[in-house]
>>> print(open('my_file-v9.cif').read())   # mmCIF, C-alpha atoms
data_upload
#
loop_
_atom_site.group_PDB
_atom_site.id
_atom_site.type_symbol
_atom_site.label_atom_id
_atom_site.label_comp_id
_atom_site.auth_asym_id
_atom_site.auth_seq_id
_atom_site.Cartn_x
_atom_site.Cartn_y
_atom_site.Cartn_z
ATOM 1 C CA MET A 1 6.891 -18.955 -28.600
ATOM 2 C CA PHE A 2 6.322 -16.226 -25.998
ATOM 3 C CA VAL A 3 3.642 -14.718 -28.233
ATOM 4 C CA VAL A 4 1.759 -18.026 -28.394
ATOM 5 C CA VAL A 5 1.963 -18.460 -24.623
ATOM 6 C CA GLY A 6 0.820 -14.846 -24.152
ATOM 7 C CA VAL A 7 -2.155 -15.321 -26.475
ATOM 8 C CA ILE A 8 -3.179 -18.553 -24.718
ATOM 9 C CA ALA A 9 -2.895 -16.908 -21.289
ATOM 10 C CA GLY A 10 -4.918 -13.919 -22.523
ATOM 11 C CA LEU A 11 -7.648 -16.178 -23.894
ATOM 12 C CA GLU A 12 -7.812 -18.141 -20.635
ATOM 13 C CA TYR A 13 -8.142 -14.888 -18.702
ATOM 14 C CA LEU A 14 -10.881 -13.636 -21.025
ATOM 15 C CA ILE A 15 -12.819 -16.916 -20.856
ATOM 16 C CA GLY A 16 -12.528 -16.975 -17.051
ATOM 17 C CA TRP A 17 -13.708 -13.371 -16.791
ATOM 18 C CA LEU A 18 -16.670 -14.061 -19.076
ATOM 19 C CA ALA A 19 -17.639 -17.135 -17.035
ATOM 20 C CA VAL A 20 -17.621 -15.126 -13.799
ATOM 21 C CA ALA A 21 -19.488 -12.214 -15.391
ATOM 22 C CA SER A 22 -22.193 -14.455 -16.860
ATOM 23 C CA SER A 23 -22.767 -16.213 -13.527
ATOM 24 C CA ARG A 24 -23.073 -12.825 -11.794
ATOM 25 C CA ALA A 25 -25.495 -11.639 -14.476
ATOM 26 C CA ARG A 26 -28.004 -14.305 -13.359
ATOM 27 C CA ASP A 27 -27.791 -13.299 -9.686
ATOM 28 C CA ILE A 28 -30.984 -11.717 -8.350
ATOM 29 C CA LEU A 29 -30.532 -8.176 -7.039
ATOM 30 C CA ARG A 30 -34.132 -7.509 -5.994
ATOM 31 C CA VAL A 31 -37.781 -8.469 -6.461
ATOM 32 C CA GLU A 32 -40.252 -5.869 -7.703
ATOM 33 C CA PHE A 33 -44.039 -5.942 -7.338
ATOM 34 C CA ALA A 34 -46.409 -3.937 -9.516
ATOM 35 C CA SER A 35 -49.748 -2.364 -8.595
ATOM 36 C CA ALA A 36 -50.112 -0.409 -5.391
ATOM 37 C CA GLY A 37 -51.944 -2.148 -2.584
ATOM 38 C CA VAL A 38 -52.530 -5.642 -3.948
ATOM 39 C CA PRO A 39 -49.818 -6.581 -6.432
ATOM 40 C CA THR A 40 -50.845 -8.312 -9.629
ATOM 41 C CA SER A 41 -47.390 -8.940 -11.055
ATOM 42 C CA LEU A 42 -43.779 -9.367 -10.052
ATOM 43 C CA ARG A 43 -40.386 -9.520 -11.676
ATOM 44 C CA LEU A 44 -36.890 -10.462 -10.671
ATOM 45 C CA VAL A 45 -34.198 -7.892 -11.307
ATOM 46 C CA ARG A 46 -30.876 -9.541 -12.079
ATOM 47 C CA GLY A 47 -27.381 -8.270 -12.727
ATOM 48 C CA ALA A 48 -28.069 -8.453 -16.459
ATOM 49 C CA GLY A 49 -31.353 -6.547 -16.130
ATOM 50 C CA PRO A 50 -34.963 -7.254 -15.177
ATOM 51 C CA ASP A 51 -36.849 -10.400 -16.160
ATOM 52 C CA ASP A 52 -40.283 -10.161 -17.746
ATOM 53 C CA TRP A 53 -43.262 -9.363 -15.518
ATOM 54 C CA LEU A 54 -45.030 -12.462 -14.179
ATOM 55 C CA PRO A 55 -48.502 -12.732 -12.663
ATOM 56 C CA VAL A 56 -48.315 -12.916 -8.860
ATOM 57 C CA LYS A 57 -50.267 -16.184 -8.996
ATOM 58 C CA THR A 58 -47.116 -17.866 -10.416
ATOM 59 C CA LEU A 59 -45.530 -17.260 -6.997
ATOM 60 C CA ARG A 60 -46.530 -20.103 -4.704
ATOM 61 C CA GLU A 61 -44.362 -19.620 -1.652
ATOM 62 C CA VAL A 62 -41.849 -17.251 -0.085
ATOM 63 C CA ARG A 63 -39.391 -18.641 2.453
ATOM 64 C CA LEU A 64 -37.329 -16.289 4.551
ATOM 65 C CA THR A 65 -34.374 -17.776 6.396
ATOM 66 C CA HIS A 66 -32.733 -15.407 8.860
ATOM 67 C CA LYS A 67 -29.294 -16.661 9.898
ATOM 68 C CA VAL A 68 -27.441 -15.070 12.787
ATOM 69 C CA VAL A 69 -23.873 -16.094 13.580
ATOM 70 C CA GLU A 70 -23.037 -14.733 17.015
ATOM 71 C CA PRO A 71 -19.538 -14.250 18.425
ATOM 72 C CA TYR A 72 -18.035 -16.747 20.835
ATOM 73 C CA GLN A 73 -17.261 -15.481 24.343
ATOM 74 C CA GLY A 74 -14.317 -13.107 24.125
ATOM 75 C CA ASP A 75 -14.668 -12.550 20.370
ATOM 76 C CA TYR A 76 -14.408 -8.897 19.369
ATOM 77 C CA LYS A 77 -16.132 -9.328 15.994
ATOM 78 C CA PRO A 78 -19.862 -8.449 15.908
ATOM 79 C CA ALA A 79 -22.624 -10.888 15.034
ATOM 80 C CA VAL A 80 -23.259 -11.456 11.337
ATOM 81 C CA SER A 81 -26.831 -11.563 10.086
ATOM 82 C CA THR A 82 -28.032 -12.657 6.628
ATOM 83 C CA LEU A 83 -31.445 -13.146 5.107
ATOM 84 C CA THR A 84 -32.148 -15.666 2.364
ATOM 85 C CA LEU A 85 -35.271 -15.072 0.322
ATOM 86 C CA GLU A 86 -36.393 -18.171 -1.558
ATOM 87 C CA LEU A 87 -39.186 -17.819 -4.074
ATOM 88 C CA ALA A 88 -41.088 -20.880 -5.274
ATOM 89 C CA LEU A 89 -42.277 -19.884 -8.720
ATOM 90 C CA ARG A 90 -44.203 -22.225 -10.962
ATOM 91 C CA GLY A 91 -41.535 -24.546 -12.306
ATOM 92 C CA ALA A 92 -38.509 -22.948 -10.617
ATOM 93 C CA ARG A 93 -36.995 -21.864 -7.331
ATOM 94 C CA GLU A 94 -35.072 -18.614 -7.122
ATOM 95 C CA GLN A 95 -32.915 -17.528 -4.207
ATOM 96 C CA LEU A 96 -31.373 -14.290 -2.987
ATOM 97 C CA THR A 97 -29.118 -13.936 0.075
ATOM 98 C CA LEU A 98 -28.226 -10.549 1.518
ATOM 99 C CA PRO A 99 -26.641 -9.089 4.641
ATOM 100 C CA PHE A 100 -29.531 -8.123 6.900
ATOM 101 C CA ASP A 101 -29.780 -5.966 9.992
ATOM 102 C CA GLY A 102 -33.527 -5.360 10.103
ATOM 103 C CA ASP A 103 -36.435 -7.105 11.788
ATOM 104 C CA PRO A 104 -37.199 -10.354 9.917
ATOM 105 C CA ARG A 105 -40.581 -10.776 11.643
ATOM 106 C CA ARG A 106 -41.685 -7.349 10.432
ATOM 107 C CA LEU A 107 -40.582 -8.171 6.878
ATOM 108 C CA ALA A 108 -42.415 -11.512 6.954
ATOM 109 C CA ASP A 109 -45.571 -9.847 8.271
ATOM 110 C CA SER A 110 -45.383 -7.189 5.543
ATOM 111 C CA LEU A 111 -44.982 -9.845 2.847
ATOM 112 C CA LYS A 112 -47.912 -11.816 4.287
ATOM 113 C CA ALA A 113 -50.073 -8.705 4.186
ATOM 114 C CA LEU A 114 -48.926 -7.888 0.653
ATOM 115 C CA LEU A 115 -49.180 -11.379 -0.839
ATOM 116 C CA GLY A 116 -51.776 -13.072 1.356
ATOM 117 C CA LEU A 117 -54.734 -12.108 -0.832
ATOM 118 C CA ALA A 118 -52.988 -13.770 -3.795
ATOM 119 C CA GLY A 119 -52.716 -17.006 -1.788
ATOM 120 C CA VAL A 120 -48.931 -16.887 -1.448
ATOM 121 C CA VAL A 121 -47.582 -18.686 1.619
ATOM 122 C CA VAL A 122 -44.886 -16.739 3.504
ATOM 123 C CA MET A 123 -42.727 -18.589 6.032
ATOM 124 C CA LEU A 124 -39.975 -17.319 8.323
ATOM 125 C CA ARG A 125 -37.286 -19.427 9.945
ATOM 126 C CA THR A 126 -34.509 -18.092 12.159
ATOM 127 C CA GLU A 127 -31.269 -20.000 12.658
ATOM 128 C CA ARG A 128 -28.788 -18.976 15.332
ATOM 129 C CA SER A 129 -25.293 -20.303 15.755
ATOM 130 C CA THR A 130 -22.073 -19.264 17.441
ATOM 131 C CA ARG A 131 -18.974 -18.527 15.424
ATOM 132 C CA ASP A 132 -16.337 -21.222 15.829
ATOM 133 C CA ARG A 133 -13.375 -20.290 17.961
ATOM 134 C CA PRO A 134 -10.214 -20.334 15.824
ATOM 135 C CA GLN A 135 -8.131 -23.426 16.400
ATOM 136 C CA ARG A 136 -4.536 -22.982 17.390
ATOM 137 C CA ASN A 137 -2.105 -24.529 14.991
ATOM 138 C CA LEU A 138 -0.829 -27.466 17.000
ATOM 139 C CA GLY A 139 0.929 -29.054 14.053
ATOM 140 C CA TRP A 140 4.685 -29.187 13.782
ATOM 141 C CA THR A 141 6.240 -26.024 12.470
ATOM 142 C CA SER A 142 9.851 -25.331 12.018
ATOM 143 C CA GLY A 143 11.502 -21.999 12.568
ATOM 144 C CA GLY A 144 14.603 -23.122 10.711
ATOM 145 C CA SER A 145 15.709 -25.833 8.408
ATOM 146 C CA ALA A 146 15.187 -29.496 9.049
ATOM 147 C CA SER A 147 16.930 -32.480 7.607
ATOM 148 C CA ALA A 148 15.744 -36.047 7.217
ATOM 149 C CA SER A 149 19.195 -37.439 7.972
ATOM 150 C CA GLY A 150 19.569 -35.442 11.176
ATOM 151 C CA GLY A 151 23.324 -35.644 10.792
ATOM 152 C CA GLY A 152 25.334 -32.702 11.373
#
>>> encode(input="my_file-v9.cif", output="structure tokens")
Amino acid sequence: MFVVVGVIAGLEYLIGWLAVASSRARDILRVEFASAGVPTSLRLVRGAGPDDWLPVKTLREVRLTHKVVEPYQGDYKPAVSTLTLELALRGAREQLTLPFDGDPRRLADSLKALLGLAGVVVMLRTERSTRDRPQRNLGWTSGGSASASGGG
């Protein structure tokens, strides 16, 4: 019986690992453009390897969303900054989110200069918020044992 339980647990672990690995394999790691100066093609590089090259004209829009979560007053943790790159390709939308500590305006301007001649729209949006202050646990907690009868 222990062997059967062990085999079932092993199979569940293997299936779970494969599910996580396959979802990570589709994650975009980077976007590559080909041809110096004015790119004529692009491809998405994923965890499982690069996609096929696509003509740049299949890219319709690039949206950059720069999110900054700043510390509340008295917080010792630094601000956290991420950049989401959303690509509107013909028939699909692809998205990549990364930690980011650069200048989003400079990146957007560079992408506009790179992709503008191909008619690709590049938009930048910045969202700022303040990290929530941790809430104190005001609920009832017991340092010892408690009894419903209260008798003693």
>>> atom_distance(input="my_file-v9.cif", atom1="atom CA of Val121 of chain A", atom2="atom CA of Ala79 of chain A")
29.4 Å
>>> resolve_selection(input="my_file-v9.cif", expression="the PyMOL selection byres ((chain A and resi 100-103) around 9)", output="list in words")
His66, Val80, Ser81, Thr82, Leu83, Thr97, Leu98, Pro99, Pro104, Arg105, Arg106, Leu107 and Ala108 of chain A
>>> residues_around(input="my_file-v9.cif", residues="Leu29 of chain A", least_positions_apart="2", cutoff="12 Å", atoms="only C-alpha atoms", output="PyMOL selection string")
chain A and resi 24-27+31-32+43-51+85+94-98
>>> atom_distance(input="my_file-v9.cif", atom1="atom CA of Glu70 of chain A", atom2="atom CA of Arg131 of chain A")
5.8 Å
>>> atom_distance(input="my_file-v9.cif", atom1="atom CA of Asp75 of chain A", atom2="atom CA of Glu127 of chain A")
19.8 Å
>>> resolve_selection(input="my_file-v9.cif", expression="the PyMOL selection byres ((chain A and resi 40) around 6)", output="ChimeraX atom specification")
/A:39,41,55-56
>>> residues_near_point(input="my_file-v9.cif", point="(-44.5, -23.9, -5.9)", cutoff="8 Å", atoms="all atoms listed in the file", output="PyMOL selection string")
chain A and resi 58-61+88-93
